[in-house]
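Novice: Pasting final.txt below, which is compact mmCIF, C-alpha atoms and all ligand atoms.
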# COMPACT_ATOMS: atom_id res chain seq x y z
CA MET A 1 -2.99 -4.75 -28.17
CA PRO A 2 -3.32 -5.28 -31.89
CA VAL A 3 -2.22 -8.94 -31.99
CA THR A 4 -5.15 -11.28 -31.46
CA THR A 5 -4.27 -14.25 -33.68
CA PRO A 6 -4.89 -17.37 -31.61
CA ALA A 7 -3.22 -19.68 -34.14
CA ALA A 8 -0.07 -21.64 -33.29
CA PRO A 9 3.12 -19.86 -34.33
CA SER A 10 4.71 -21.16 -37.50
CA SER A 11 8.19 -21.36 -35.99
CA ALA A 12 6.81 -23.44 -33.13
CA PRO A 13 8.66 -22.40 -29.94
CA GLY A 14 7.92 -25.88 -28.60
CA ALA A 15 10.19 -25.61 -25.54
CA ALA A 16 7.69 -23.20 -23.97
CA LEU A 17 4.84 -25.70 -24.10
CA PRO A 18 4.52 -28.31 -21.36
CA GLN A 19 4.84 -31.91 -22.54
CA ASP A 20 1.22 -32.57 -21.78
CA PHE A 21 -0.08 -29.54 -23.66
CA ASP A 22 -1.95 -31.98 -25.90
CA ALA A 23 -4.01 -33.03 -22.87
CA LEU A 24 -5.07 -29.42 -22.32
CA LEU A 25 -5.82 -29.02 -26.02
CA ARG A 26 -8.14 -32.06 -25.91
CA GLU A 27 -9.84 -31.15 -22.64
CA ASP A 28 -10.12 -27.37 -22.90
CA SER A 29 -9.59 -25.96 -26.35
CA GLU A 30 -10.82 -22.54 -25.21
CA ILE A 31 -7.97 -22.01 -22.73
CA ALA A 32 -5.49 -23.87 -24.95
CA ALA A 33 -6.23 -21.29 -27.65
CA VAL A 34 -5.55 -18.47 -25.19
CA LEU A 35 -2.18 -20.00 -24.22
CA LEU A 36 -1.21 -20.49 -27.86
CA GLY A 37 -2.30 -16.94 -28.61
CA GLU A 38 -0.07 -15.64 -25.83
CA LEU A 39 2.82 -17.77 -27.05
CA HIS A 40 2.29 -16.28 -30.50
CA ARG A 41 2.12 -12.74 -29.08
CA GLN A 42 5.33 -13.23 -27.10
CA SER A 43 7.20 -14.60 -30.09
CA SER A 44 5.97 -12.19 -32.77
CA THR A 45 6.24 -8.90 -30.86
CA LEU A 46 9.12 -7.54 -28.77
CA GLN A 47 8.74 -7.45 -25.00
CA LEU A 48 10.34 -4.24 -23.77
CA THR A 49 8.26 -3.94 -20.59
CA ALA A 50 11.01 -3.22 -18.04
CA ALA A 51 9.69 -5.77 -15.53
CA GLU A 52 9.41 -8.69 -17.97
CA ASN A 53 11.72 -11.46 -19.09
CA PHE A 54 11.62 -15.03 -20.44
CA THR A 55 12.19 -17.78 -17.86
CA SER A 56 14.14 -20.84 -18.97
CA PRO A 57 12.36 -24.06 -20.02
CA ALA A 58 13.75 -25.57 -16.78
CA VAL A 59 11.94 -22.91 -14.71
CA LEU A 60 8.73 -23.51 -16.68
CA ALA A 61 9.10 -27.26 -16.09
CA ALA A 62 9.34 -26.74 -12.31
CA LEU A 63 6.25 -24.49 -12.47
CA GLY A 64 4.30 -27.19 -14.29
CA SER A 65 5.42 -29.94 -11.89
CA PRO A 66 3.47 -32.06 -9.35
CA LEU A 67 4.73 -29.81 -6.51
CA ALA A 68 1.84 -27.58 -7.67
CA ASN A 69 -0.40 -30.06 -5.83
CA LYS A 70 1.39 -29.89 -2.48
CA TYR A 71 0.25 -28.02 0.62
CA ALA A 72 3.19 -27.10 2.83
CA GLU A 73 2.22 -24.49 5.40
CA GLY A 74 5.13 -23.63 7.65
CA TYR A 75 8.84 -24.01 7.03
CA PRO A 76 11.11 -27.01 6.29
CA GLY A 77 11.10 -29.39 9.23
CA ALA A 78 8.11 -27.59 10.82
CA ARG A 79 5.11 -28.03 8.52
CA HIS A 80 1.43 -28.16 9.33
CA HIS A 81 0.92 -30.84 6.66
CA GLY A 82 2.20 -34.36 6.11
CA GLY A 83 4.14 -35.62 3.12
CA CYS A 84 6.41 -32.58 2.90
CA GLU A 85 9.74 -34.40 2.40
CA GLN A 86 10.20 -33.19 -1.18
CA ALA A 87 8.67 -29.79 -0.49
CA ASP A 88 11.16 -29.36 2.37
CA ALA A 89 14.01 -30.36 0.08
CA ALA A 90 12.92 -27.86 -2.60
CA GLU A 91 12.68 -25.00 -0.10
CA ARG A 92 15.99 -25.84 1.61
CA ILE A 93 17.74 -25.88 -1.77
CA ALA A 94 16.10 -22.58 -2.78
CA CYS A 95 17.12 -20.88 0.50
CA ARG A 96 20.68 -22.25 0.35
CA ARG A 97 21.10 -21.05 -3.24
CA ALA A 98 19.60 -17.62 -2.50
CA THR A 99 21.81 -16.95 0.53
CA SER A 100 24.90 -18.08 -1.36
CA LEU A 101 24.02 -16.12 -4.53
CA PHE A 102 23.42 -12.86 -2.67
CA GLY A 103 25.76 -13.32 0.29
CA ALA A 104 22.92 -13.01 2.80
CA GLU A 105 22.56 -14.75 6.16
CA HIS A 106 18.89 -15.59 5.71
CA ALA A 107 16.48 -15.96 2.81
CA ASN A 108 12.71 -16.34 2.79
CA VAL A 109 11.54 -17.63 -0.59
CA GLN A 110 7.84 -18.05 0.19
CA ALA A 111 6.54 -14.54 -0.56
CA HIS A 112 3.96 -14.88 -3.33
CA SER A 113 5.06 -11.65 -5.03
CA GLY A 114 7.23 -8.58 -4.68
CA SER A 115 4.34 -6.76 -3.01
CA SER A 116 3.86 -9.61 -0.51
CA ALA A 117 7.58 -9.42 0.28
CA VAL A 118 7.31 -5.68 1.04
CA LEU A 119 4.14 -6.23 3.10
CA ALA A 120 6.01 -8.85 5.16
CA ALA A 121 9.01 -6.56 5.64
CA TYR A 122 6.73 -3.80 6.97
CA ALA A 123 4.86 -6.32 9.14
CA ALA A 124 8.16 -7.55 10.62
CA LEU A 125 9.58 -4.11 11.41
CA LEU A 126 6.70 -1.65 11.82
CA ARG A 127 3.42 -1.05 13.60
CA PRO A 128 0.41 0.55 11.90
CA GLY A 129 0.74 4.33 12.03
CA ASP A 130 4.55 4.32 11.87
CA THR A 131 6.25 6.81 9.56
CA VAL A 132 8.09 5.49 6.49
CA LEU A 133 10.27 7.49 4.11
CA ALA A 134 10.21 6.17 0.53
CA MET A 135 10.40 7.46 -3.02
CA GLY A 136 7.19 9.37 -3.78
CA LEU A 137 4.89 7.68 -6.28
CA PRO A 138 5.04 10.61 -8.74
CA TYR A 139 8.80 10.02 -8.98
CA GLY A 140 8.76 6.25 -9.44
CA GLY A 141 7.89 4.84 -6.02
CA HIS A 142 6.05 1.49 -6.16
CA LEU A 143 2.41 1.06 -5.02
CA THR A 144 3.77 -0.49 -1.83
CA HIS A 145 5.64 2.74 -1.07
CA GLY A 146 2.58 4.56 0.23
CA SER A 147 -0.12 4.57 -2.44
CA PRO A 148 -3.46 5.42 -0.81
CA ALA A 149 -4.94 2.57 -2.87
CA ASN A 150 -2.54 0.08 -1.25
CA PHE A 151 -2.16 -1.36 2.29
CA SER A 152 1.01 0.70 2.64
CA GLY A 153 -0.72 4.06 2.29
CA ARG A 154 -3.66 2.93 4.42
CA TRP A 155 -1.66 1.59 7.38
CA PHE A 156 1.47 3.74 7.50
CA GLU A 157 2.35 7.43 7.34
CA PHE A 158 4.42 7.75 4.19
CA VAL A 159 6.69 10.67 3.47
CA GLY A 160 7.95 10.81 -0.12
CA TYR A 161 11.37 11.84 -1.36
CA GLY A 162 11.83 12.80 -4.98
CA VAL A 163 14.37 13.19 -7.73
CA ASP A 164 15.94 16.40 -8.97
CA SER A 165 13.81 17.70 -11.85
CA GLU A 166 16.90 18.67 -13.88
CA SER A 167 19.20 15.68 -13.34
CA GLY A 168 16.52 13.07 -12.63
CA LEU A 169 18.76 11.81 -9.79
CA ILE A 170 17.75 11.13 -6.17
CA ASP A 171 18.35 14.25 -4.09
CA TYR A 172 20.08 12.71 -1.05
CA GLU A 173 20.19 16.02 0.78
CA GLN A 174 16.38 16.06 0.55
CA VAL A 175 16.28 12.45 1.79
CA ARG A 176 18.45 13.46 4.76
CA ALA A 177 16.40 16.58 5.51
CA LEU A 178 13.10 14.64 5.37
CA ALA A 179 14.58 11.90 7.58
CA ARG A 180 15.67 14.49 10.17
CA ALA A 181 12.32 16.26 10.06
CA HIS A 182 10.04 13.18 10.17
CA ARG A 183 12.19 10.62 12.10
CA PRO A 184 10.80 7.64 10.10
CA LYS A 185 10.86 4.13 11.55
CA ALA A 186 12.02 2.84 8.15
CA ILE A 187 13.54 4.23 4.97
CA VAL A 188 12.86 2.44 1.68
CA SER A 189 15.20 2.50 -1.30
CA GLY A 190 13.98 1.20 -4.65
CA SER A 191 11.74 2.29 -7.48
CA ILE A 192 9.90 1.08 -10.55
CA SER A 193 11.62 3.47 -12.94
CA TYR A 194 14.95 4.73 -11.52
CA PRO A 195 17.60 3.88 -14.14
CA ARG A 196 20.62 4.48 -11.88
CA HIS A 197 22.05 2.65 -8.85
CA PRO A 198 20.80 3.80 -5.46
CA ASP A 199 23.64 4.85 -3.12
CA TYR A 200 23.01 2.19 -0.47
CA GLU A 201 25.90 3.36 1.70
CA LEU A 202 24.43 6.85 1.88
CA PHE A 203 20.93 5.50 2.55
CA ARG A 204 22.44 3.45 5.42
CA GLU A 205 24.20 6.50 6.82
CA ILE A 206 20.97 8.54 6.77
CA ALA A 207 18.99 5.66 8.31
CA ASP A 208 21.56 5.29 11.10
CA GLU A 209 21.51 9.01 11.78
CA VAL A 210 17.78 8.90 12.58
CA GLY A 211 17.61 5.36 13.96
CA ALA A 212 15.54 3.98 11.07
CA TYR A 213 15.54 0.54 9.48
CA LEU A 214 16.72 0.46 5.87
CA ILE A 215 14.53 -1.62 3.56
CA ALA A 216 15.88 -2.11 0.03
CA ASP A 217 13.03 -2.87 -2.36
CA SER A 218 15.29 -4.21 -5.12
CA ALA A 219 12.76 -5.98 -7.33
CA HIS A 220 14.07 -4.41 -10.53
CA PRO A 221 17.85 -4.71 -10.16
CA MET A 222 17.93 -8.07 -8.28
CA GLY A 223 19.00 -9.98 -11.41
CA LEU A 224 21.72 -7.44 -12.15
CA ILE A 225 22.89 -7.79 -8.54
CA ALA A 226 22.97 -11.60 -8.93
CA GLY A 227 25.10 -11.22 -12.04
CA GLY A 228 27.45 -8.67 -10.50
CA ALA A 229 26.26 -5.92 -12.86
CA ALA A 230 24.82 -3.70 -10.09
CA PRO A 231 25.90 -3.00 -6.50
CA SER A 232 24.31 -5.12 -3.79
CA PRO A 233 22.17 -3.64 -1.01
CA VAL A 234 22.74 -6.77 1.13
CA PRO A 235 25.69 -5.36 3.15
CA TYR A 236 23.74 -2.16 3.92
CA ALA A 237 20.01 -2.89 4.24
CA ASP A 238 18.33 -4.53 7.24
CA VAL A 239 15.92 -6.22 4.85
CA VAL A 240 16.12 -6.67 1.08
CA CYS A 241 12.86 -7.36 -0.77
CA ALA A 242 12.76 -8.48 -4.38
CA THR A 243 10.87 -10.31 -7.05
CA THR A 244 12.26 -13.47 -8.60
CA HIS A 245 10.91 -12.54 -12.05
CA LYS A 246 12.11 -9.33 -13.80
CA VAL A 247 15.83 -9.37 -14.66
CA LEU A 248 16.44 -12.36 -12.34
CA ARG A 249 14.52 -14.45 -14.88
CA GLY A 250 12.82 -16.80 -12.42
CA PRO A 251 9.14 -17.54 -11.82
CA ARG A 252 6.72 -14.78 -10.77
CA GLY A 253 7.24 -14.44 -7.04
CA GLY A 254 8.92 -12.65 -4.16
CA MET A 255 11.88 -13.18 -1.87
CA ILE A 256 13.28 -11.53 1.24
CA LEU A 257 16.88 -11.44 2.47
CA CYS A 258 18.00 -10.36 5.93
CA GLY A 259 20.52 -10.92 8.69
CA ALA A 260 20.26 -13.79 11.18
CA GLU A 261 18.85 -11.53 13.91
CA LEU A 262 15.74 -10.65 11.85
CA ALA A 263 15.28 -14.11 10.31
CA GLU A 264 12.56 -15.33 12.63
CA ARG A 265 10.60 -12.06 12.51
CA ILE A 266 10.72 -12.03 8.71
CA ASP A 267 9.67 -15.68 8.44
CA ARG A 268 6.74 -15.17 10.82
CA ALA A 269 5.72 -12.02 8.94
CA VAL A 270 5.39 -14.08 5.73
CA PHE A 271 3.76 -17.16 7.31
CA PRO A 272 1.48 -17.09 9.25
CA PHE A 273 1.06 -13.28 9.36
CA THR A 274 0.45 -12.37 5.71
CA GLN A 275 0.25 -15.71 3.86
CA GLY A 276 -0.92 -19.28 4.17
CA GLY A 277 0.69 -22.17 2.34
CA ALA A 278 3.60 -21.41 0.04
CA GLN A 279 3.37 -22.30 -3.64
CA MET A 280 5.88 -25.13 -3.63
CA HIS A 281 6.10 -25.47 -7.42
CA THR A 282 7.08 -21.78 -7.51
CA VAL A 283 9.58 -22.31 -4.69
CA ALA A 284 11.15 -25.13 -6.73
CA ALA A 285 11.21 -22.88 -9.81
CA LYS A 286 12.88 -20.14 -7.73
CA ALA A 287 15.57 -22.69 -6.76
CA VAL A 288 16.12 -23.47 -10.45
CA ALA A 289 16.42 -19.75 -11.27
CA PHE A 290 18.89 -19.14 -8.41
CA GLY A 291 20.97 -22.05 -9.73
CA GLU A 292 20.95 -20.54 -13.21
CA ALA A 293 21.78 -17.07 -11.87
CA ALA A 294 24.91 -18.46 -10.17
CA THR A 295 26.47 -19.48 -13.50
CA PRO A 296 29.09 -17.55 -15.51
CA ALA A 297 26.56 -17.47 -18.38
CA PHE A 298 24.18 -15.44 -16.21
CA THR A 299 26.95 -13.04 -15.15
CA MET A 300 27.58 -12.44 -18.84
CA TYR A 301 23.86 -12.04 -19.44
CA ALA A 302 23.47 -9.42 -16.67
CA HIS A 303 26.35 -7.33 -18.02
CA ARG A 304 24.97 -7.63 -21.54
CA VAL A 305 21.55 -6.42 -20.37
CA VAL A 306 23.16 -3.20 -19.09
CA ALA A 307 25.37 -2.75 -22.17
CA HIS A 308 22.29 -3.17 -24.38
CA ALA A 309 20.31 -0.63 -22.37
CA ARG A 310 23.13 1.89 -22.81
CA VAL A 311 23.24 1.35 -26.58
CA LEU A 312 19.46 1.60 -26.81
CA ALA A 313 19.37 4.75 -24.63
CA ALA A 314 22.02 6.44 -26.76
CA GLY A 315 20.11 5.44 -29.91
CA LEU A 316 16.86 6.84 -28.53
CA GLU A 317 18.59 10.15 -27.76
CA ALA A 318 19.90 10.22 -31.33
CA GLU A 319 16.28 9.74 -32.49
CA GLY A 320 15.26 12.81 -30.49
CA PHE A 321 13.88 11.22 -27.30
CA GLU A 322 14.86 12.90 -24.05
CA VAL A 323 16.35 10.10 -21.91
CA THR A 324 16.02 10.88 -18.19
CA THR A 325 19.28 11.09 -16.20
CA GLY A 326 21.01 11.16 -19.60
CA GLY A 327 21.22 7.38 -19.86
CA THR A 328 21.18 4.31 -17.64
CA ASP A 329 23.31 2.08 -15.38
CA THR A 330 20.74 -0.72 -15.43
CA HIS A 331 18.31 -2.57 -17.72
CA LEU A 332 15.86 0.30 -17.43
CA ILE A 333 15.34 3.37 -19.63
CA VAL A 334 12.88 6.20 -19.10
CA ALA A 335 12.42 8.46 -22.11
CA ASP A 336 10.31 11.52 -22.84
CA PRO A 337 8.98 11.47 -26.42
CA ALA A 338 7.86 15.14 -26.22
CA PRO A 339 10.59 16.37 -28.65
CA LEU A 340 8.96 14.05 -31.25
CA GLY A 341 5.66 15.83 -30.69
CA VAL A 342 3.77 13.22 -28.65
CA ASP A 343 3.27 12.26 -25.01
CA GLY A 344 4.03 8.90 -23.38
CA PRO A 345 0.59 7.29 -23.84
CA THR A 346 0.51 8.24 -27.56
CA ALA A 347 4.06 6.94 -28.04
CA ARG A 348 3.17 3.70 -26.28
CA ALA A 349 0.11 3.22 -28.50
CA ARG A 350 2.09 3.84 -31.72
CA LEU A 351 4.86 1.48 -30.55
CA ALA A 352 2.27 -1.18 -29.68
CA VAL A 353 0.85 -1.02 -33.22
CA ALA A 354 4.41 -1.69 -34.41
CA GLY A 355 4.72 -4.69 -32.07
CA LEU A 356 7.00 -2.94 -29.56
CA VAL A 357 5.43 -3.57 -26.15
CA LEU A 358 6.26 -1.30 -23.18
CA ASP A 359 4.78 0.97 -20.49
CA THR A 360 4.36 4.65 -19.74
CA CYS A 361 5.66 6.18 -16.52
CA ALA A 362 6.04 9.41 -14.59
CA LEU A 363 8.85 11.79 -15.57
CA PRO A 364 11.12 13.65 -13.11
CA TYR A 365 9.47 16.93 -14.20
CA GLY A 366 5.99 18.16 -15.12
CA ASP A 367 2.78 16.17 -15.34
CA ALA A 368 3.23 14.55 -18.78
CA ARG A 369 4.14 10.87 -18.88
CA GLY A 370 7.10 9.28 -20.62
CA ILE A 371 7.84 5.73 -21.72
CA ARG A 372 9.62 3.11 -19.64
CA LEU A 373 11.38 0.14 -21.15
CA GLY A 374 13.99 -2.50 -20.37
CA THR A 375 16.38 -4.83 -22.15
CA ALA A 376 16.07 -7.98 -20.00
CA ALA A 377 13.78 -9.93 -22.36
CA VAL A 378 15.36 -8.99 -25.69
CA THR A 379 18.79 -9.86 -24.24
CA THR A 380 17.51 -13.29 -23.14
CA GLN A 381 16.40 -13.69 -26.76
CA GLY A 382 20.02 -13.30 -27.85
CA MET A 383 19.88 -9.87 -29.43
CA ASP A 384 23.11 -7.88 -29.70
CA ASP A 385 24.32 -4.26 -29.79
CA ALA A 386 23.48 -3.90 -33.49
CA ASP A 387 19.92 -5.07 -32.81
CA MET A 388 19.64 -2.40 -30.06
CA ALA A 389 20.78 0.32 -32.48
CA ARG A 390 18.23 -0.94 -35.02
CA LEU A 391 15.52 -0.97 -32.35
CA ALA A 392 16.21 2.69 -31.51
CA VAL A 393 15.70 3.65 -35.16
CA LEU A 394 12.49 1.59 -35.26
CA PHE A 395 11.30 3.48 -32.15
CA GLY A 396 11.81 6.82 -33.88
CA THR A 397 10.11 5.64 -37.05
CA ALA A 398 7.10 4.24 -35.20
CA VAL A 399 6.59 7.21 -32.88
CA ARG A 400 6.87 9.69 -35.77
CA GLU A 401 4.51 7.41 -37.78
CA GLU A 402 6.85 7.61 -40.76
CA ASN A 403 6.52 4.02 -41.86
CA ASP A 404 4.71 0.81 -41.02
CA ILE A 405 7.43 -1.22 -39.33
CA ARG A 406 5.25 -4.06 -37.96
CA ALA A 407 6.67 -6.59 -40.43
CA GLU A 408 10.24 -5.62 -39.59
CA VAL A 409 9.59 -5.98 -35.84
CA ARG A 410 7.97 -9.37 -36.42
CA GLU A 411 11.01 -10.46 -38.42
CA LEU A 412 13.39 -9.28 -35.69
CA ALA A 413 11.35 -11.20 -33.08
CA GLU A 414 11.23 -14.36 -35.18
CA GLU A 415 14.99 -14.22 -35.77
CA HIS A 416 15.38 -14.41 -31.97
CA PRO A 417 12.75 -16.87 -30.68
CA PRO A 418 12.44 -16.73 -26.86
CA TYR A 419 12.07 -20.52 -26.80
CA PRO A 420 13.96 -22.02 -29.75
CA GLY A 421 12.22 -25.36 -30.34
C1 LIG A 501 7.86 -5.05 -9.29
C2 LIG A 501 8.03 -4.33 -8.01
C3 LIG A 501 7.30 -4.70 -6.86
C4 LIG A 501 6.14 -5.68 -6.84
O1 LIG A 501 6.20 -6.87 -7.43
P1 LIG A 501 4.86 -7.71 -7.69
O2 LIG A 501 5.40 -9.09 -7.86
O3 LIG A 501 4.23 -7.14 -8.91
O4 LIG A 501 3.98 -7.59 -6.50
C5 LIG A 501 7.56 -4.02 -5.68
N1 LIG A 501 8.46 -3.05 -5.63
C6 LIG A 501 9.18 -2.66 -6.71
C7 LIG A 501 10.18 -1.57 -6.57
C8 LIG A 501 8.98 -3.28 -7.94
O5 LIG A 501 9.67 -2.89 -9.00
Transcribe the structure of this file into structure tokens.
Ligand SMILES: *Cc1c(COP(=O)(O)O)cnc(C)c1O
Specialist:
Amino acid sequence: MPVTTPAAPSSAPGAALPQDFDALLREDSEIAAVLLGELHRQSSTLQLTAAENFTSPAVLAALGSPLANKYAEGYPGARHHGGCEQADAAERIACRRATSLFGAEHANVQAHSGSSAVLAAYAALLRPGDTVLAMGLPYGGHLTHGSPANFSGRWFEFVGYGVDSESGLIDYEQVRALARAHRPKAIVSGSISYPRHPDYELFREIADEVGAYLIADSAHPMGLIAGGAAPSPVPYADVVCATTHKVLRGPRGGMILCGAELAERIDRAVFPFTQGGAQMHTVAAKAVAFGEAATPAFTMYAHRVVAHARVLAAGLEAEGFEVTTGGTDTHLIVADPAPLGVDGPTARARLAVAGLVLDTCALPYGDARGIRLGTAAVTTQGMDDADMARLAVLFGTAVREENDIRAEVRELAEEHPPYPG
């Protein structure tokens, strides 16, 4: 990344700094400089990484709270440590808010991350060696969907479904045929780059036909689901795994939803099977985020995120990018920059020089990589449709290397501080 300035930002986004930041500055100037440098990077470049967002100052306050000191192995009312009254209260509130927000019977909010949530779901439902049908990694499946470098690929037999190379859409007839041929113990919906809504009803039907569990790995769309801007897998899936960061805008962490009959198995699969003590400051921050996500303001936010992604996707097509599936229903856009004469990694590098931060990802066809981006963070910053149209033009300019647009991107970022002071 080109931005290395460790100096404090001029338009001090003070709300992002904990009250006692001065104490850190006095005690450890080396790490304080890193944190200020990151604050500067986040407020002078644009964060288009599809999985990123800006949590509220209230979430950051919970993360920096004394609950960070508390050990609370176990579950509320049944802890292996003393002094858990407040930790119990935080977790009960988080679970109550999660079940109410998503209309689920049971919530586990202890999973340390999205990957830990998926590991626990597999641990609750499967035995090593079982067959699992999930989106293949070359099409946008997550590491936990059978990568040989991950526990999932090591301990389970994964069969991968794909997307149609023309339409970029999941080929449900292929999913059904693979399910019939391999009789998996579980089918996983969810992806790191699929810009459309999975058909949960159809996934359920296929799972029922072969007697498989349906696990929805909904880390990306969970915030859209909370805000009513995407369909919910909760009525269809046996287990729903998600992250609480990404569009949901909470702290980095995982969560699991399920019906009452699987509640105990899921809880035991998180603790003590795959984790020790929960991070209670994160659990409290998850509660704060669930509270925020239940507000009308968040519903508006979620719909705006999708509207912005559609404007940006259309703008990118107008600039010559090939947008997979022809657009998006979510926060997520996958685009092939090949018509502009470069591949994904080159486009990403040119965009990074311009201060536009995003990832590369696999495309539905061929071996070349495209770019993957999302509108969750820039929407939190208060950008509007016109800003999205302007961003699309900036993308074209940067990737074609027509002009140095770094100053313009910096200006756009500074007009919309993530943490107005
Ligand atoms: C982000 C994501 C995860 C993993 O989340 P981590 O918190 O990074 O472990 C798992 N599955 C899917 C589909 C994701 O998008």
Novice: Given only C-alpha atoms and all ligand atoms as the basis, pick out the residue of A:Leu248, A:Leu60, A:Cys95, A:Leu48 nearest to ligand LIG 501 (chain A).
Specialist: A:Leu248
Novice: Looking at A:Phe102, A:Phe271, A:Tyr139, A:Phe54, which one is nearest to ligand LIG 501 (chain A), with distances taken over all atoms listed in the file?
Specialist: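 Closest to ligand LIG 501 (chain A), using all atoms listed in the file: A:Tyr139.
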Novice: Of the candidates A:Arg26, A:Arg410, A:His112, A:Arg79, which one gets nearest to ligand LIG 501 (chain A) if we count all atoms listed in the file?
Specialist: A:His112
Novice: Compute the set of protein, DNA and RNA residues whose minimum atom distance to ligand LIG 501 (chain A) is at most 8 Å, using all atoms listed in the file, and state it as an MDAnalysis selection string.
Specialist: chainID A and resid 51 112:118 141:145 190:193 217:220 241:243 245:246 252:254
Novice: Hey, could you make a per-residue contact list for segment 161-247 of chain A against segment 339-363 of chain A with 12 Å as the cut-off, showing the nearest pair of atoms and its distance in Å to one decimal, counting only C-alpha atoms, sorted by chain and number, as a tab-separated table?
Specialist:
residue	atom	partner	partner_atom	distance
A:Gly162	CA	A:Leu363	CA	11.0
A:Val163	CA	A:Leu363	CA	9.7
A:Asp164	CA	A:Leu363	CA	10.7
A:Ser165	CA	A:Leu363	CA	8.6
A:Glu166	CA	A:Leu363	CA	10.7
A:Ser167	CA	A:Leu363	CA	11.3
A:Gly168	CA	A:Leu363	CA	8.3
A:Leu169	CA	A:Leu363	CA	11.5
A:Ser191	CA	A:Ala362	CA	11.6
A:Ile192	CA	A:Cys361	CA	8.9
A:Ser193	CA	A:Cys361	CA	7.5
A:Tyr194	CA	A:Leu363	CA	10.2
A:Pro195	CA	A:Leu363	CA	11.9
Novice: Which residue, A:Tyr419, A:Glu209, A:Leu224, A:Glu408, has the smallest gap to Leu17 of chain A when you use all atoms listed in the file?
Specialist: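 Ranked by minimum distance to Leu17 of chain A, first place goes to A:Tyr419.
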Novice: Extending 5 Å beyond the listed atoms of segment 400-403 of chain A on each side, what axis-aligned box results? I want centre and edge lengths in Å to one decimal, as AutoDock Vina command-line options.
Specialist:
--center_x 5.7 --center_y 6.9 --center_z -38.8 --size_x 12.4 --size_y 15.7 --size_z 16.1
Novice: Just how far from atom CA of Asp336 of chain A is atom CA of Glu401 of chain A, in Å to one decimal?
Specialist: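 Result for atom CA of Glu401 of chain A versus atom CA of Asp336 of chain A: 16.5 Å, one decimal.
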Novice: Hey, can you check how far atom CA of Gly250 of chain A sits from atom CA of Ser56 of chain A?
Specialist: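 If I compute the distance from atom CA of Gly250 of chain A to atom CA of Ser56 of chain A, I get 7.8 Å.
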Novice: Excluding segment 293-309 of chain A and residues on its chain fewer than 6 positions from it, collect all residues at most 7 Å away from it, counting all atoms listed in the file, and give them as a compact mmCIF listing (two decimals) with C-alpha atoms, in the coordinates of the input.
Specialist:
# COMPACT_ATOMS: atom_id res chain seq x y z
CA LEU A 101 24.02 -16.12 -4.53
CA GLY A 223 19.00 -9.98 -11.41
CA LEU A 224 21.72 -7.44 -12.15
CA ALA A 226 22.97 -11.60 -8.93
CA GLY A 227 25.10 -11.22 -12.04
CA GLY A 228 27.45 -8.67 -10.50
CA ALA A 229 26.26 -5.92 -12.86
CA THR A 328 21.18 4.31 -17.64
CA ASP A 329 23.31 2.08 -15.38
CA THR A 330 20.74 -0.72 -15.43
CA HIS A 331 18.31 -2.57 -17.72
CA LEU A 332 15.86 0.30 -17.43
CA ILE A 333 15.34 3.37 -19.63
CA GLY A 374 13.99 -2.50 -20.37
CA THR A 375 16.38 -4.83 -22.15
CA ALA A 376 16.07 -7.98 -20.00
CA THR A 379 18.79 -9.86 -24.24
CA ASP A 385 24.32 -4.26 -29.79
CA MET A 388 19.64 -2.40 -30.06
Novice: With distances taken over all atoms listed in the file, which residue among A:Asp404, A:Glu411, A:Glu264, A:Asp171 lies nearest Ala120 of chain A?
Specialist: A:Glu264
Novice: Between A:Glu38, A:Asp88, A:Glu73, A:Glu414, which residue has the minimum interatomic distance to Arg268 of chain A, considering only C-alpha atoms?
Specialist: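 Selected residue with least distance to Arg268 of chain A: A:Glu73.
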Novice: Interatomic distance between atom CA of His40 of chain A and atom CA of His416 of chain A?
Specialist: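 It comes out at 13.3 Å.
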Novice: Could you give me, as a PyMOL selection string, the residues within 9 Å of Glu157 of chain A, counting all atoms listed in the file and dropping anything in the same chain fewer than 3 positions from it?
Specialist: chain A and resi 128-133+146+152-154+184
Novice: Near Glu261 of chain A, counting all atoms listed in the file, which residues have an atom at most 10 Å away, once you skip same-chain residues fewer than 4 positions from it, shown as a PyMOL selection string?
Specialist: chain A and resi 105-106+238+265-266
Novice: Excluding Tyr161 of chain A and any residue of its chain fewer than 4 positions from it, enumerate the residues within 6 Å of it, using all atoms listed in the file, and give them as a PyMOL selection string.
Specialist: chain A and resi 135-136+175
Novice: Residues of the last selection are to be written out with C-alpha atoms, as a short mmCIF file (atom, residue, chain, number, x, y, z; two decimals), in the frame of the given file.
Specialist:
data_model
loop_
_atom_site.label_atom_id
_atom_site.label_comp_id
_atom_site.auth_asym_id
_atom_site.auth_seq_id
_atom_site.Cartn_x
_atom_site.Cartn_y
_atom_site.Cartn_z
CA MET A 135 10.40 7.46 -3.02
CA GLY A 136 7.19 9.37 -3.78
CA VAL A 175 16.28 12.45 1.79
#
Novice: List the spatial neighbours of segment 279-283 of chain A as a ChimeraX atom specification - criterion: any atom at most 9 Å away, all atoms listed in the file, same-chain residues fewer than 4 positions off excluded.
Specialist: /A:59,62-72,87,90-91,94,109-112,251-253,287-288
